[in-house]
Every structure is written in structure tokens, then in C-alpha cells.
Amino acid sequence: KLFVGGLSWQTTPDSLKQYFQKFGELKECFIMCDPVTRRSRGFGFITFVTMEDSEKAVAVEPHILDGKKIDPKKAFPKVPNSKYVTKTKKVFVGGIQHGTSEDDLREYFGKFGSVTEVVIMIDKITTRCRGFGFITFDTEESVDKCCDERYHIINSKRVECKKAQPK
């Protein structure tokens with residue numbers, strides 16, 4: 001995974017993807033946006049299918065996209081805080097789209113391992129989806145595989161997955 005800094009406000013996920021595809025096949029490509037204004041925050045992430053393609057992209061300089069010099073670097077995960085759980089069989093899933101069913105989630109997350117429980121949190125008053133839920137796997141390894149990628153696409157919507165923390 002590469003962090004790409006210095007993006008122009010005009011750069012779109014499609015133009016970022018198009019630019020980096022010349023180095024190899026991409027698995028994932030997204031630009032971070034402000035949650036309130038929805039404007040680009042000027043950086044994003046790309047994931048190549050192979051490590052070799054990722055290294056090829058970093059080796060080339062300069063990178064110019066939409067008239068700006070951009071700076072791709074190997075992305076490092078945030079350093080986990082010691083109070084956070086590192087071993088768990090449960091995953092928090094945020095950003096679940098209204099209309100996504102427990103079966104949709106069970107089918108998607110089944111590719112990481114055997115799913116033992118799926119819970120979509122529902123508002124008691126409105127009975128609508130609260131936009132998040134939990135997936136329980138039968139092994140911690142399945143959770144690790146699932147959380148290797150922070151963002152997943154389910155029903156054309158990007159959701160965020162993190163290891164669930166106890167209350």
C-alpha cells in the first residue's frame with residue numbers, strides 16, 4: 001500500500017487510478033475527503049496487486065498529476081495504542097449502507113473465513129440501520145486477514161473495518 005501526498009484538489013480517484021495503473025494492476029485506490037465538506041484532503045492511498053509494482057511506482061521520480069508534483073511513499077499502519085485489542089474474533093464494520101442485509105455481509109466476509117455471527121445495529125425508534133455492525137469469525141486469523149485492508153466495498157459503498165474493541 002502506498003500513501004500519495006500532494007494531490008491537487010482536482011484529482012479524482014479515477015485520475016489517480018489511471019495514473020498509477022501504468023506501474024501495474026491496482027487492487028484499491030481512494031482519496032481521503034473531509035467528512036463535512038466532502039472536499040479532498042490532498043492525499044490518498046493506492047494498493048497494487050504485487051509488491052514489485054508498488055516498488056516500481058515509488059522508484060520513479062518525479063510524479064506529476066493534474067499539474068502538481070505528487071509524492072507516493074510506502075504506507076505504514078498507524079501505531080496501535082497499547083490499550084487496544086490485537087487478538088479478537090470480532091470486526092467492527094462502519095459505513096454500512098441502508099438496505100444492506102446480514103446475508104450480504106455474511107456472503108462478503110465469508111471470503112476471509114467462517115463467519116459465526118453477523119449483527120447490523122438498528123435504531124430502536126426508527127428501526128433503520130444505524131450504519132454499523134459487527135462480524136464474528138471463528139478464528140482470529142480471519143479477523144487479521146479481513147483487517148489487512150481497512151476499507152472494503154460492499155453493495156457499491158465503501159465500509160471501514162477495524163478489530164472490535166470491548167466496551
# chains A, B, ... in the order shown; residues from 1 in each chain; ligands from 1
call {"tool": "residues_around", "arguments": {"residues": "segment 35-40 of chain A", "least_positions_apart": "5", "cutoff": "9 Å", "atoms": "only C-alpha atoms", "output": "number ranges by chain"}}
result
A: 7-12
call {"tool": "select_by_dssp", "arguments": {"residues": "segment 40-153 of chain A", "states": "strand (DSSP E or B)", "output": "ChimeraX atom specification"}}
result
/A:40-48,63-65,68-74,90-94,115-122,129-137,151-153
call {"tool": "residues_around", "arguments": {"residues": "Leu16 of chain A", "least_positions_apart": "2", "cutoff": "12 Å", "atoms": "only C-alpha atoms", "output": "PyMOL selection string"}}
result
chain A and resi 3-14+18-22+26+28-31+42-47+63-66+70+72
call {"tool": "write_last_selection", "arguments": {"atoms": "C-alpha atoms", "output": "PDB file, in the first residue's frame"}}
result
ATOM      1  CA  PHE A   3       0.406   6.824   0.671  1.00  0.00           C
ATOM      2  CA  VAL A   4       0.148   9.514  -2.033  1.00  0.00           C
ATOM      3  CA  GLY A   5       0.561  13.084  -0.781  1.00  0.00           C
ATOM      4  CA  GLY A   6       0.434  16.448  -2.516  1.00  0.00           C
ATOM      5  CA  LEU A   7      -2.682  15.735  -4.598  1.00  0.00           C
ATOM      6  CA  SER A   8      -4.363  18.561  -6.477  1.00  0.00           C
ATOM      7  CA  TRP A   9      -7.912  19.461  -5.435  1.00  0.00           C
ATOM      8  CA  GLN A  10      -8.910  18.484  -8.996  1.00  0.00           C
ATOM      9  CA  THR A  11      -7.507  14.938  -8.724  1.00  0.00           C
ATOM     10  CA  THR A  12     -10.242  12.293  -8.657  1.00  0.00           C
ATOM     11  CA  PRO A  13      -9.974   8.641  -7.625  1.00  0.00           C
ATOM     12  CA  ASP A  14     -10.318   7.759 -11.334  1.00  0.00           C
ATOM     13  CA  GLN A  18      -5.408   5.901 -14.274  1.00  0.00           C
ATOM     14  CA  TYR A  19      -2.037   7.469 -13.474  1.00  0.00           C
ATOM     15  CA  PHE A  20      -0.748   4.606 -11.309  1.00  0.00           C
ATOM     16  CA  GLN A  21      -2.065   1.766 -13.491  1.00  0.00           C
ATOM     17  CA  LYS A  22       0.946   2.276 -15.753  1.00  0.00           C
ATOM     18  CA  LEU A  26      -4.232  -1.850  -8.760  1.00  0.00           C
ATOM     19  CA  GLU A  28      -7.522  -0.382  -4.386  1.00  0.00           C
ATOM     20  CA  CYS A  29      -7.393   3.380  -4.931  1.00  0.00           C
ATOM     21  CA  PHE A  30      -9.048   6.148  -2.913  1.00  0.00           C
ATOM     22  CA  ILE A  31      -8.652   9.803  -1.957  1.00  0.00           C
ATOM     23  CA  GLY A  42      -4.952  16.370  -0.640  1.00  0.00           C
ATOM     24  CA  PHE A  43      -3.830  12.781  -0.081  1.00  0.00           C
ATOM     25  CA  GLY A  44      -4.927   9.244  -0.786  1.00  0.00           C
ATOM     26  CA  PHE A  45      -3.886   5.609  -0.856  1.00  0.00           C
ATOM     27  CA  ILE A  46      -3.273   3.066  -3.597  1.00  0.00           C
ATOM     28  CA  THR A  47      -2.684  -0.637  -3.271  1.00  0.00           C
ATOM     29  CA  HIS A  63       5.398  12.079 -10.367  1.00  0.00           C
ATOM     30  CA  ILE A  64       3.264  14.848 -11.878  1.00  0.00           C
ATOM     31  CA  LEU A  65      -0.548  14.519 -11.782  1.00  0.00           C
ATOM     32  CA  ASP A  66      -3.024  17.283 -12.624  1.00  0.00           C
ATOM     33  CA  ILE A  70       2.794  14.164  -6.018  1.00  0.00           C
ATOM     34  CA  PRO A  72       3.992   8.344  -3.284  1.00  0.00           C
TER      35      PRO A  72
END
call {"tool": "residues_around", "arguments": {"residues": "Arg150 of chain A", "least_positions_apart": "5", "cutoff": "10 Å", "atoms": "only C-alpha atoms", "output": "ChimeraX atom specification"}}
result
/A:77,93,158-163
call {"tool": "write_last_selection", "arguments": {"atoms": "C-alpha atoms", "output": "PDB file, in the first residue's frame"}}
result
ATOM      1  CA  PRO A  77      -0.202   1.471   9.547  1.00  0.00           C
ATOM      2  CA  VAL A  93     -17.868  -2.578  10.230  1.00  0.00           C
ATOM      3  CA  ARG A 158     -17.039   1.791   0.959  1.00  0.00           C
ATOM      4  CA  VAL A 159     -17.147   0.464   4.510  1.00  0.00           C
ATOM      5  CA  GLU A 160     -14.412   0.590   7.137  1.00  0.00           C
ATOM      6  CA  CYS A 161     -13.323  -2.496   9.066  1.00  0.00           C
ATOM      7  CA  LYS A 162     -11.450  -2.479  12.371  1.00  0.00           C
ATOM      8  CA  LYS A 163     -10.855  -5.021  15.075  1.00  0.00           C
TER       9      LYS A 163
END
call {"tool": "residues_around", "arguments": {"residues": "Met51 of chain A", "least_positions_apart": "2", "cutoff": "12 Å", "atoms": "only C-alpha atoms", "output": "VMD selection string"}}
result
chain A and resid 1 to 2 23 to 27 46 to 49 53 to 58 74
call {"tool": "closest_residue", "arguments": {"among": "A:Lys89, A:Ala164, A:Thr136, A:Phe112", "to": "Glu149 of chain A", "atoms": "only C-alpha atoms"}}
result
A:Phe112
call {"tool": "atom_distance", "arguments": {"atom1": "atom CA of Phe76 of chain A", "atom2": "atom CA of His152 of chain A"}}
result
18.3 Å
call {"tool": "select_by_dssp", "arguments": {"residues": "chain A", "states": "alpha helix (DSSP H)", "output": "JSON, numbers by chain"}}
result
{"A": [13, 14, 15, 16, 17, 18, 19, 20, 51, 52, 53, 54, 55, 56, 57, 58, 59, 102, 103, 104, 105, 106, 107, 108, 109, 140, 141, 142, 143, 144, 145, 146, 147]}
call {"tool": "write_last_selection", "arguments": {"atoms": "C-alpha atoms", "output": "compact mmCIF listing (two decimals), in the first residue's frame"}}
result
# COMPACT_ATOMS: atom_id res chain seq x y z
CA PRO A 13 -9.97 8.64 -7.62
CA ASP A 14 -10.32 7.76 -11.33
CA SER A 15 -7.47 10.05 -12.45
CA LEU A 16 -5.27 8.77 -9.59
CA LYS A 17 -6.03 5.18 -10.58
CA GLN A 18 -5.41 5.90 -14.27
CA TYR A 19 -2.04 7.47 -13.47
CA PHE A 20 -0.75 4.61 -11.31
CA MET A 51 4.78 -5.57 -4.11
CA GLU A 52 7.05 -5.30 -7.16
CA ASP A 53 4.64 -2.91 -8.91
CA SER A 54 4.43 -0.84 -5.74
CA GLU A 55 8.22 -0.59 -5.58
CA LYS A 56 8.36 0.37 -9.29
CA ALA A 57 5.95 3.26 -8.67
CA VAL A 58 7.95 4.59 -5.70
CA ALA A 59 11.26 4.33 -7.61
CA GLU A 102 -26.95 -9.58 7.20
CA ASP A 103 -26.80 -12.10 4.33
CA ASP A 104 -24.92 -9.55 2.16
CA LEU A 105 -22.35 -9.13 4.93
CA ARG A 106 -22.12 -12.88 5.64
CA GLU A 107 -21.50 -13.55 1.93
CA TYR A 108 -18.87 -10.81 1.56
CA PHE A 109 -16.92 -11.56 4.75
CA GLU A 140 -8.52 -14.58 14.97
CA GLU A 141 -6.61 -15.23 11.71
CA SER A 142 -9.78 -14.46 9.72
CA VAL A 143 -10.03 -11.12 11.53
CA ASP A 144 -6.38 -10.36 10.71
CA LYS A 145 -6.97 -11.17 7.02
CA CYS A 146 -10.10 -9.01 6.92
CA CYS A 147 -8.40 -6.07 8.67
call {"tool": "closest_residue", "arguments": {"among": "A:Cys33, A:Val60, A:Ile154, A:Ala75", "to": "Gly94 of chain A", "atoms": "only C-alpha atoms"}}
result
A:Ile154
call {"tool": "closest_residue", "arguments": {"among": "A:Arg41, A:Gln165, A:Val119, A:Thr139", "to": "Ser101 of chain A", "atoms": "only C-alpha atoms"}}
result
A:Val119
call {"tool": "closest_residue", "arguments": {"among": "A:Asp34, A:Asp71, A:Glu117, A:Glu61", "to": "Phe134 of chain A", "atoms": "only C-alpha atoms"}}
result
A:Glu117
call {"tool": "atom_distance", "arguments": {"atom1": "atom CA of Lys124 of chain A", "atom2": "atom CA of Phe92 of chain A"}}
result
19.6 Å
